[in-house]
Structure formats: structure tokens, C-alpha cells
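Enquirer: Take a look at input_37.pdb, PDB, C-alpha atoms, pLDDT in the B column:
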ATOM      1  CA  MET A   1     -17.266 -32.370   0.300  1.00 34.00           C
ATOM      2  CA  TYR A   2     -20.483 -33.515  -1.374  1.00 32.00           C
ATOM      3  CA  HIS A   3     -22.667 -31.778   1.201  1.00 33.00           C
ATOM      4  CA  MET A   4     -20.707 -28.575   0.612  1.00 35.00           C
ATOM      5  CA  LEU A   5     -21.820 -28.473  -3.016  1.00 33.00           C
ATOM      6  CA  GLY A   6     -25.537 -28.257  -2.189  1.00 36.00           C
ATOM      7  CA  SER A   7     -28.003 -25.640  -3.372  1.00 35.00           C
ATOM      8  CA  SER A   8     -28.566 -23.491  -0.281  1.00 34.00           C
ATOM      9  CA  PRO A   9     -27.144 -19.935  -0.295  1.00 35.00           C
ATOM     10  CA  ALA A  10     -24.543 -20.910   2.299  1.00 36.00           C
ATOM     11  CA  CYS A  11     -23.488 -23.899   0.179  1.00 35.00           C
ATOM     12  CA  ARG A  12     -23.177 -21.748  -2.934  1.00 31.00           C
ATOM     13  CA  CYS A  13     -20.961 -19.348  -0.968  1.00 35.00           C
ATOM     14  CA  ILE A  14     -18.755 -22.228   0.207  1.00 41.00           C
ATOM     15  CA  THR A  15     -18.644 -23.631  -3.345  1.00 38.00           C
ATOM     16  CA  VAL A  16     -17.500 -20.290  -4.764  1.00 36.00           C
ATOM     17  CA  THR A  17     -14.925 -19.967  -1.983  1.00 42.00           C
ATOM     18  CA  LEU A  18     -13.614 -23.478  -2.724  1.00 46.00           C
ATOM     19  CA  LEU A  19     -13.404 -22.683  -6.429  1.00 42.00           C
ATOM     20  CA  VAL A  20     -11.514 -19.459  -5.766  1.00 42.00           C
ATOM     21  CA  LEU A  21      -9.130 -21.180  -3.342  1.00 46.00           C
ATOM     22  CA  SER A  22      -8.532 -24.074  -5.720  1.00 47.00           C
ATOM     23  CA  GLY A  23      -7.722 -21.786  -8.614  1.00 50.00           C
ATOM     24  CA  GLY A  24     -10.950 -22.638 -10.454  1.00 46.00           C
ATOM     25  CA  ILE A  25     -11.967 -18.984 -10.598  1.00 37.00           C
ATOM     26  CA  HIS A  26      -9.509 -16.171 -11.060  1.00 41.00           C
ATOM     27  CA  THR A  27     -10.568 -13.047  -9.237  1.00 43.00           C
ATOM     28  CA  SER A  28      -8.163 -10.753 -11.066  1.00 44.00           C
ATOM     29  CA  HIS A  29      -6.129 -10.630 -14.223  1.00 44.00           C
ATOM     30  CA  ALA A  30      -3.388  -8.715 -12.430  1.00 49.00           C
ATOM     31  CA  GLN A  31      -0.077 -10.414 -11.829  1.00 58.00           C
ATOM     32  CA  THR A  32      -0.046 -12.240  -8.523  1.00 61.00           C
ATOM     33  CA  THR A  33       2.433 -11.123  -5.932  1.00 74.00           C
ATOM     34  CA  PRO A  34       4.231 -13.285  -3.378  1.00 70.00           C
ATOM     35  CA  ALA A  35       2.021 -11.710  -0.694  1.00 71.00           C
ATOM     36  CA  SER A  36      -1.180 -12.618  -2.562  1.00 69.00           C
ATOM     37  CA  ARG A  37       0.075 -16.180  -3.174  1.00 71.00           C
ATOM     38  CA  ALA A  38       0.875 -16.473   0.541  1.00 71.00           C
ATOM     39  CA  SER A  39      -2.593 -15.184   1.375  1.00 75.00           C
ATOM     40  CA  VAL A  40      -4.254 -17.752  -0.908  1.00 78.00           C
ATOM     41  CA  ALA A  41      -2.045 -20.509   0.558  1.00 82.00           C
ATOM     42  CA  SER A  42      -3.019 -19.429   4.064  1.00 86.00           C
ATOM     43  CA  GLU A  43      -6.715 -19.416   3.120  1.00 90.00           C
ATOM     44  CA  ARG A  44      -6.411 -22.892   1.573  1.00 89.00           C
ATOM     45  CA  SER A  45      -4.718 -24.189   4.743  1.00 91.00           C
ATOM     46  CA  ALA A  46      -7.493 -22.696   6.876  1.00 93.00           C
ATOM     47  CA  MET A  47     -10.150 -24.218   4.603  1.00 94.00           C
ATOM     48  CA  VAL A  48      -8.479 -27.636   4.842  1.00 94.00           C
ATOM     49  CA  GLY A  49      -8.262 -27.271   8.628  1.00 95.00           C
ATOM     50  CA  SER A  50     -11.994 -26.517   8.816  1.00 96.00           C
ATOM     51  CA  PHE A  51     -12.831 -29.390   6.486  1.00 97.00           C
ATOM     52  CA  ALA A  52     -10.643 -31.859   8.421  1.00 97.00           C
ATOM     53  CA  THR A  53     -12.117 -30.721  11.757  1.00 97.00           C
ATOM     54  CA  GLU A  54     -15.645 -31.187  10.438  1.00 97.00           C
ATOM     55  CA  ARG A  55     -14.829 -34.679   9.136  1.00 98.00           C
ATOM     56  CA  LEU A  56     -13.067 -35.482  12.432  1.00 98.00           C
ATOM     57  CA  SER A  57     -16.234 -34.631  14.345  1.00 97.00           C
ATOM     58  CA  LEU A  58     -18.344 -36.891  12.131  1.00 97.00           C
ATOM     59  CA  TRP A  59     -15.956 -39.871  12.197  1.00 98.00           C
ATOM     60  CA  GLN A  60     -15.154 -39.479  15.892  1.00 97.00           C
ATOM     61  CA  LYS A  61     -18.868 -39.992  16.610  1.00 97.00           C
ATOM     62  CA  ARG A  62     -19.179 -42.871  14.151  1.00 96.00           C
ATOM     63  CA  LEU A  63     -16.192 -44.675  15.654  1.00 96.00           C
ATOM     64  CA  ASN A  64     -17.414 -44.019  19.202  1.00 96.00           C
ATOM     65  CA  LEU A  65     -14.336 -42.032  20.203  1.00 96.00           C
ATOM     66  CA  THR A  66     -16.292 -39.146  21.730  1.00 96.00           C
ATOM     67  CA  GLU A  67     -14.575 -39.496  25.113  1.00 96.00           C
ATOM     68  CA  TRP A  68     -11.345 -38.362  23.431  1.00 97.00           C
ATOM     69  CA  ASN A  69     -10.406 -34.704  22.976  1.00 98.00           C
ATOM     70  CA  ILE A  70      -8.977 -34.748  19.443  1.00 98.00           C
ATOM     71  CA  SER A  71      -7.753 -31.830  17.348  1.00 97.00           C
ATOM     72  CA  VAL A  72      -6.461 -31.449  13.795  1.00 98.00           C
ATOM     73  CA  VAL A  73      -3.349 -29.542  12.748  1.00 97.00           C
ATOM     74  CA  VAL A  74      -2.565 -28.756   9.111  1.00 97.00           C
ATOM     75  CA  SER A  75       1.154 -29.450   8.695  1.00 96.00           C
ATOM     76  CA  ARG A  76       3.746 -28.950   6.010  1.00 96.00           C
ATOM     77  CA  ALA A  77       5.493 -32.025   4.611  1.00 96.00           C
ATOM     78  CA  THR A  78       8.689 -31.040   6.425  1.00 95.00           C
ATOM     79  CA  GLU A  79       6.840 -31.510   9.751  1.00 96.00           C
ATOM     80  CA  LEU A  80       5.811 -35.081   8.895  1.00 95.00           C
ATOM     81  CA  LYS A  81       7.788 -38.262   8.328  1.00 94.00           C
ATOM     82  CA  ALA A  82       8.982 -38.672   4.750  1.00 93.00           C
ATOM     83  CA  LYS A  83       6.381 -40.130   2.369  1.00 91.00           C
ATOM     84  CA  THR A  84       3.489 -39.637   4.799  1.00 93.00           C
ATOM     85  CA  VAL A  85       0.461 -37.355   4.620  1.00 95.00           C
ATOM     86  CA  GLY A  86      -0.463 -37.408   8.292  1.00 96.00           C
ATOM     87  CA  ASN A  87      -0.005 -38.889  11.717  1.00 96.00           C
ATOM     88  CA  ILE A  88      -1.519 -39.031  15.175  1.00 96.00           C
ATOM     89  CA  HIS A  89      -0.022 -38.530  18.623  1.00 95.00           C
ATOM     90  CA  TRP A  90      -2.070 -39.364  21.707  1.00 94.00           C
ATOM     91  CA  ASP A  91      -1.980 -39.419  25.466  1.00 93.00           C
ATOM     92  CA  ARG A  92      -3.931 -42.498  26.533  1.00 91.00           C
ATOM     93  CA  GLU A  93      -4.330 -41.423  30.170  1.00 92.00           C
ATOM     94  CA  LYS A  94      -5.567 -37.907  29.351  1.00 96.00           C
ATOM     95  CA  LYS A  95      -7.559 -39.166  26.349  1.00 95.00           C
ATOM     96  CA  THR A  96      -6.174 -36.422  24.113  1.00 97.00           C
ATOM     97  CA  ALA A  97      -4.865 -36.695  20.577  1.00 97.00           C
ATOM     98  CA  VAL A  98      -3.613 -34.515  17.735  1.00 98.00           C
ATOM     99  CA  ILE A  99      -4.017 -35.560  14.117  1.00 98.00           C
ATOM    100  CA  ARG A 100      -1.722 -33.898  11.599  1.00 98.00           C
ATOM    101  CA  VAL A 101      -2.884 -33.656   7.973  1.00 97.00           C
ATOM    102  CA  LEU A 102      -0.810 -32.523   5.026  1.00 96.00           C
ATOM    103  CA  ASP A 103      -1.028 -28.862   4.056  1.00 96.00           C
ATOM    104  CA  PRO A 104      -2.617 -28.261   0.620  1.00 95.00           C
ATOM    105  CA  ALA A 105       0.578 -26.469  -0.453  1.00 94.00           C
ATOM    106  CA  ASP A 106       2.298 -29.876  -0.414  1.00 95.00           C
ATOM    107  CA  TYR A 107      -0.369 -31.725  -2.406  1.00 94.00           C
ATOM    108  CA  ASP A 108      -0.014 -32.191  -6.130  1.00 92.00           C
ATOM    109  CA  MET A 109      -3.656 -32.911  -6.980  1.00 92.00           C
ATOM    110  CA  ALA A 110      -6.956 -31.176  -7.588  1.00 93.00           C
ATOM    111  CA  LEU A 111      -9.099 -29.945  -4.701  1.00 92.00           C
ATOM    112  CA  GLU A 112     -11.712 -32.721  -4.590  1.00 95.00           C
ATOM    113  CA  PRO A 113      -9.259 -35.656  -4.589  1.00 96.00           C
ATOM    114  CA  MET A 114      -7.133 -33.766  -2.056  1.00 96.00           C
ATOM    115  CA  LEU A 115     -10.107 -33.374   0.307  1.00 96.00           C
ATOM    116  CA  LYS A 116     -10.956 -37.059  -0.091  1.00 97.00           C
ATOM    117  CA  ASP A 117      -7.359 -37.919   0.780  1.00 97.00           C
ATOM    118  CA  ILE A 118      -7.472 -35.667   3.844  1.00 97.00           C
ATOM    119  CA  GLU A 119     -10.682 -37.354   4.998  1.00 98.00           C
ATOM    120  CA  PHE A 120      -8.991 -40.729   4.454  1.00 98.00           C
ATOM    121  CA  THR A 121      -6.097 -39.536   6.621  1.00 97.00           C
ATOM    122  CA  VAL A 122      -8.479 -38.495   9.415  1.00 98.00           C
ATOM    123  CA  VAL A 123     -10.303 -41.843   9.353  1.00 98.00           C
ATOM    124  CA  HIS A 124      -7.013 -43.757   9.120  1.00 97.00           C
ATOM    125  CA  GLU A 125      -5.581 -41.995  12.166  1.00 97.00           C
ATOM    126  CA  LEU A 126      -8.799 -42.471  14.159  1.00 97.00           C
ATOM    127  CA  ILE A 127      -8.629 -46.205  13.501  1.00 97.00           C
ATOM    128  CA  HIS A 128      -5.097 -46.205  14.947  1.00 93.00           C
ATOM    129  CA  LEU A 129      -6.529 -44.474  18.013  1.00 94.00           C
ATOM    130  CA  GLU A 130      -9.290 -47.082  18.303  1.00 92.00           C
ATOM    131  CA  MET A 131      -6.632 -49.786  18.330  1.00 89.00           C
ATOM    132  CA  VAL A 132      -4.553 -48.189  21.125  1.00 84.00           C
ATOM    133  CA  PRO A 133      -5.881 -50.466  23.908  1.00 80.00           C
ATOM    134  CA  ILE A 134      -5.127 -53.564  21.835  1.00 80.00           C
ATOM    135  CA  LEU A 135      -1.724 -52.623  20.464  1.00 75.00           C
ATOM    136  CA  SER A 136      -0.191 -50.648  23.313  1.00 70.00           C
ATOM    137  CA  ASP A 137       0.960 -53.710  25.242  1.00 67.00           C
ATOM    138  CA  LEU A 138       2.382 -55.571  22.257  1.00 69.00           C
ATOM    139  CA  GLN A 139       6.012 -55.632  21.266  1.00 70.00           C
ATOM    140  CA  ARG A 140       6.220 -53.245  18.332  1.00 73.00           C
ATOM    141  CA  SER A 141       8.473 -54.030  15.380  1.00 76.00           C
ATOM    142  CA  ALA A 142       8.889 -52.656  11.875  1.00 78.00           C
ATOM    143  CA  GLU A 143       7.210 -55.788  10.539  1.00 79.00           C
ATOM    144  CA  ASN A 144       4.086 -55.634  12.687  1.00 80.00           C
ATOM    145  CA  ARG A 145       3.830 -51.853  12.159  1.00 84.00           C
ATOM    146  CA  LEU A 146       3.695 -52.525   8.411  1.00 87.00           C
ATOM    147  CA  GLU A 147       0.952 -55.099   8.988  1.00 89.00           C
ATOM    148  CA  GLU A 148      -0.917 -52.616  11.185  1.00 89.00           C
ATOM    149  CA  GLU A 149      -0.730 -49.943   8.459  1.00 92.00           C
ATOM    150  CA  HIS A 150      -2.017 -52.423   5.904  1.00 94.00           C
ATOM    151  CA  ALA A 151      -4.997 -53.370   8.102  1.00 93.00           C
ATOM    152  CA  VAL A 152      -5.768 -49.737   9.011  1.00 95.00           C
ATOM    153  CA  ASN A 153      -5.700 -48.749   5.334  1.00 96.00           C
ATOM    154  CA  HIS A 154      -8.151 -51.510   4.442  1.00 97.00           C
ATOM    155  CA  LEU A 155     -10.516 -50.556   7.258  1.00 97.00           C
ATOM    156  CA  ALA A 156     -10.403 -46.855   6.361  1.00 97.00           C
ATOM    157  CA  GLU A 157     -11.067 -47.640   2.690  1.00 97.00           C
ATOM    158  CA  ALA A 158     -14.019 -49.867   3.641  1.00 97.00           C
ATOM    159  CA  PHE A 159     -15.567 -47.246   5.937  1.00 97.00           C
ATOM    160  CA  LEU A 160     -15.216 -44.527   3.312  1.00 97.00           C
ATOM    161  CA  ARG A 161     -16.652 -46.729   0.536  1.00 96.00           C
ATOM    162  CA  LEU A 162     -19.678 -47.389   2.731  1.00 95.00           C
ATOM    163  CA  ASP A 163     -19.997 -43.714   3.567  1.00 94.00           C
ATOM    164  CA  ARG A 164     -19.816 -42.711  -0.095  1.00 91.00           C
ATOM    165  CA  GLY A 165     -22.258 -45.422  -1.184  1.00 91.00           C
ATOM    166  CA  LYS A 166     -19.770 -47.379  -3.266  1.00 77.00           C
TER     167      LYS A 166
END
Could you spell out this file's structure in C-alpha cells?
Expert:
Amino acid sequence: MYHMLGSSPACRCITVTLLVLSGGIHTSHAQTTPASRASVASERSAMVGSFATERLSLWQKRLNLTEWNISVVVSRATELKAKTVGNIHWDREKKTAVIRVLDPADYDMALEPMLKDIEFTVVHELIHLEMVPILSDLQRSAENRLEEEHAVNHLAEAFLRLDRGK
């Protein structure tokens, strides 16, 4: 997100677009219609998809997962497990994976924290993918899945703190 708020003309255009999509700038005083709300929601989903794909590309290289063909899908909460904001499904033999991130329509937070959370989700899911060779042969249980989530969260937080200079 930080690089998107730069001073080049393209960055200013993206910044204005993000402000419009986040509701920071109102383009009209007219009453919004369901169609216009749907259009804004669709644009926000597309923007989040682009952002997540860009962050995926960066983190896929950093985590040395470039041999994988990975895509991002923006998904509504109803398409994800309860109380989750994303997931990953992979095919180890084909080296393909799909990361699902929560649609902005289902977030209850401002744009910048939402984008940070989406980046966290991408990094989190990539760490799961990195661990596939180690974990695939183990007996999986609810208890060790909880431990795995805990470890993956800590690693993702550490990587993102380093990336953000904190």
C-alpha cells in the first residue's frame, strides 16, 4: 500500500481511485442506488484482487515459491469457513494453488488496515504452502492444526514487521 501512495502521476491516480473506492471522496451528492452500490462493491473487489495478486507476486519470490502457479480469488465470507478471512488449496504434484482472500464487502474496517490484513492473509497462506513437504506426511489432528496456525501466524507477523521496518 505504501508504494501506492507515492508522488508519481500514476500513484496519484491510484491514490484517488483508492479514496473513491473506500468512500473517502464522494463523487456525487445524489442518492446512491443499489446498482451504483453494487458497482462500487465490484470495483473494490477488483481493486483488492489486484492488490492481493501484486503482494502474492512479491511474497512468492521472497519465499522462493516461484515454481508454483498460484492465483488469488476474492471470496465472500459465505465461501470461507466461519471466522476465517482466507484459505489455500493446493495440488502438490501439479504445483498449483489458489489463495482465497476475504471480499472487502465483508470487512468492517478502513481501507488501509483491510489491505494490511489481506497482505497478512497472503503471506500466511504462502507459509502453509512452504510447509507442505514437511506436514503432508504427518498425522493431522485438531490439536496440531491449532499449533500449526499459531506458528504460521507468528512467522507471517515477523516477515511483515521486517518488511514494514518495524
Enquirer: Measuring atom to atom with all atoms listed in the file, identify which of A:Leu65, A:Ala110, A:Ile70, A:Val48 is nearest to His89 of chain A.
Expert: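 Selected residue with least distance to His89 of chain A: A:Ile70.
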Enquirer: Between A:Arg140, A:Leu80, A:Leu135, A:Val123, single out the one closest to Asn153 of chain A, counting only C-alpha atoms.
Expert: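 Closest candidate: A:Val123.
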Enquirer: Given the file shown, enumerate the residues that the PyMOL selection byres ((chain A and resi 71) around 9) captures and present them as a list in words.
Expert: Thr53, Leu56, Asn69, Ile70, Val72, Val73, Thr96, Ala97, Val98, Ile99 and Arg100 of chain A
Enquirer: Store the residues of this selection in a file with C-alpha atoms, as a short mmCIF file (atom, residue, chain, number, x, y, z; two decimals), in the coordinates of the input.
Expert:
data_model
loop_
_atom_site.label_atom_id
_atom_site.label_comp_id
_atom_site.auth_asym_id
_atom_site.auth_seq_id
_atom_site.Cartn_x
_atom_site.Cartn_y
_atom_site.Cartn_z
CA THR A 53 -12.12 -30.72 11.76
CA LEU A 56 -13.07 -35.48 12.43
CA ASN A 69 -10.41 -34.70 22.98
CA ILE A 70 -8.98 -34.75 19.44
CA VAL A 72 -6.46 -31.45 13.80
CA VAL A 73 -3.35 -29.54 12.75
CA THR A 96 -6.17 -36.42 24.11
CA ALA A 97 -4.86 -36.70 20.58
CA VAL A 98 -3.61 -34.52 17.74
CA ILE A 99 -4.02 -35.56 14.12
CA ARG A 100 -1.72 -33.90 11.60
#
Enquirer: Hey, which of A:Leu126, A:Val132, A:Ala105, A:Ala151 ends up closest to Ala38 of chain A? Count only C-alpha atoms.
Expert: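 Among A:Leu126, A:Val132, A:Ala105, A:Ala151, it is A:Ala105 that comes nearest to Ala38 of chain A.
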Enquirer: Can you turn the PyMOL selection byres ((chain A and resi 84) around 12) into a concrete residue list for this file, as an NGL selection string?
Expert: :A and (75-83 or 85-88 or 100-103 or 106-107 or 117-118 or 121 or 125 or 149)
Enquirer: So, counting only C-alpha atoms, which residue among A:His154, A:His128, A:Gly165, A:Leu115 is closest to Glu54 of chain A?
Expert: A:Leu115
Enquirer: What does the distance from atom CA of Glu119 of chain A to atom CA of Asn64 of chain A come to in Å, to one decimal?
Expert: 17.1 Å
Enquirer: For a quick check of understanding, using all atoms listed in the file, which of A:Met114, A:Val122, A:Ala41, A:Ala35 has the smallest distance to Leu160 of chain A?
Expert: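 Residue with the minimum atom-to-atom distance to Leu160 of chain A: A:Val122.
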Enquirer: When you draw a straight line from atom CA of Val74 of chain A to atom CA of Gly49 of chain A, how long is it in Å?
Expert: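 These two atoms are separated by 5.9 Å.
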Enquirer: Quote the spacing between atom CA of Asn144 of chain A and atom CA of Trp90 of chain A in Å to one decimal place.
Expert: 19.6 Å
Enquirer: For the structure shown, which residues end up in the PyMOL selection byres ((chain A and resi 164) around 12)? Put them as a ChimeraX atom specification, please?
Expert: /A:1-3,116,119-120,157-163,165-166
Enquirer: Could you tell me which of A:Asp108, A:Leu146, A:Val152, A:Pro113 comes closest to Leu129 of chain A if we count only C-alpha atoms?
Expert: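 Closest to Leu129 of chain A, using only C-alpha atoms: A:Val152.
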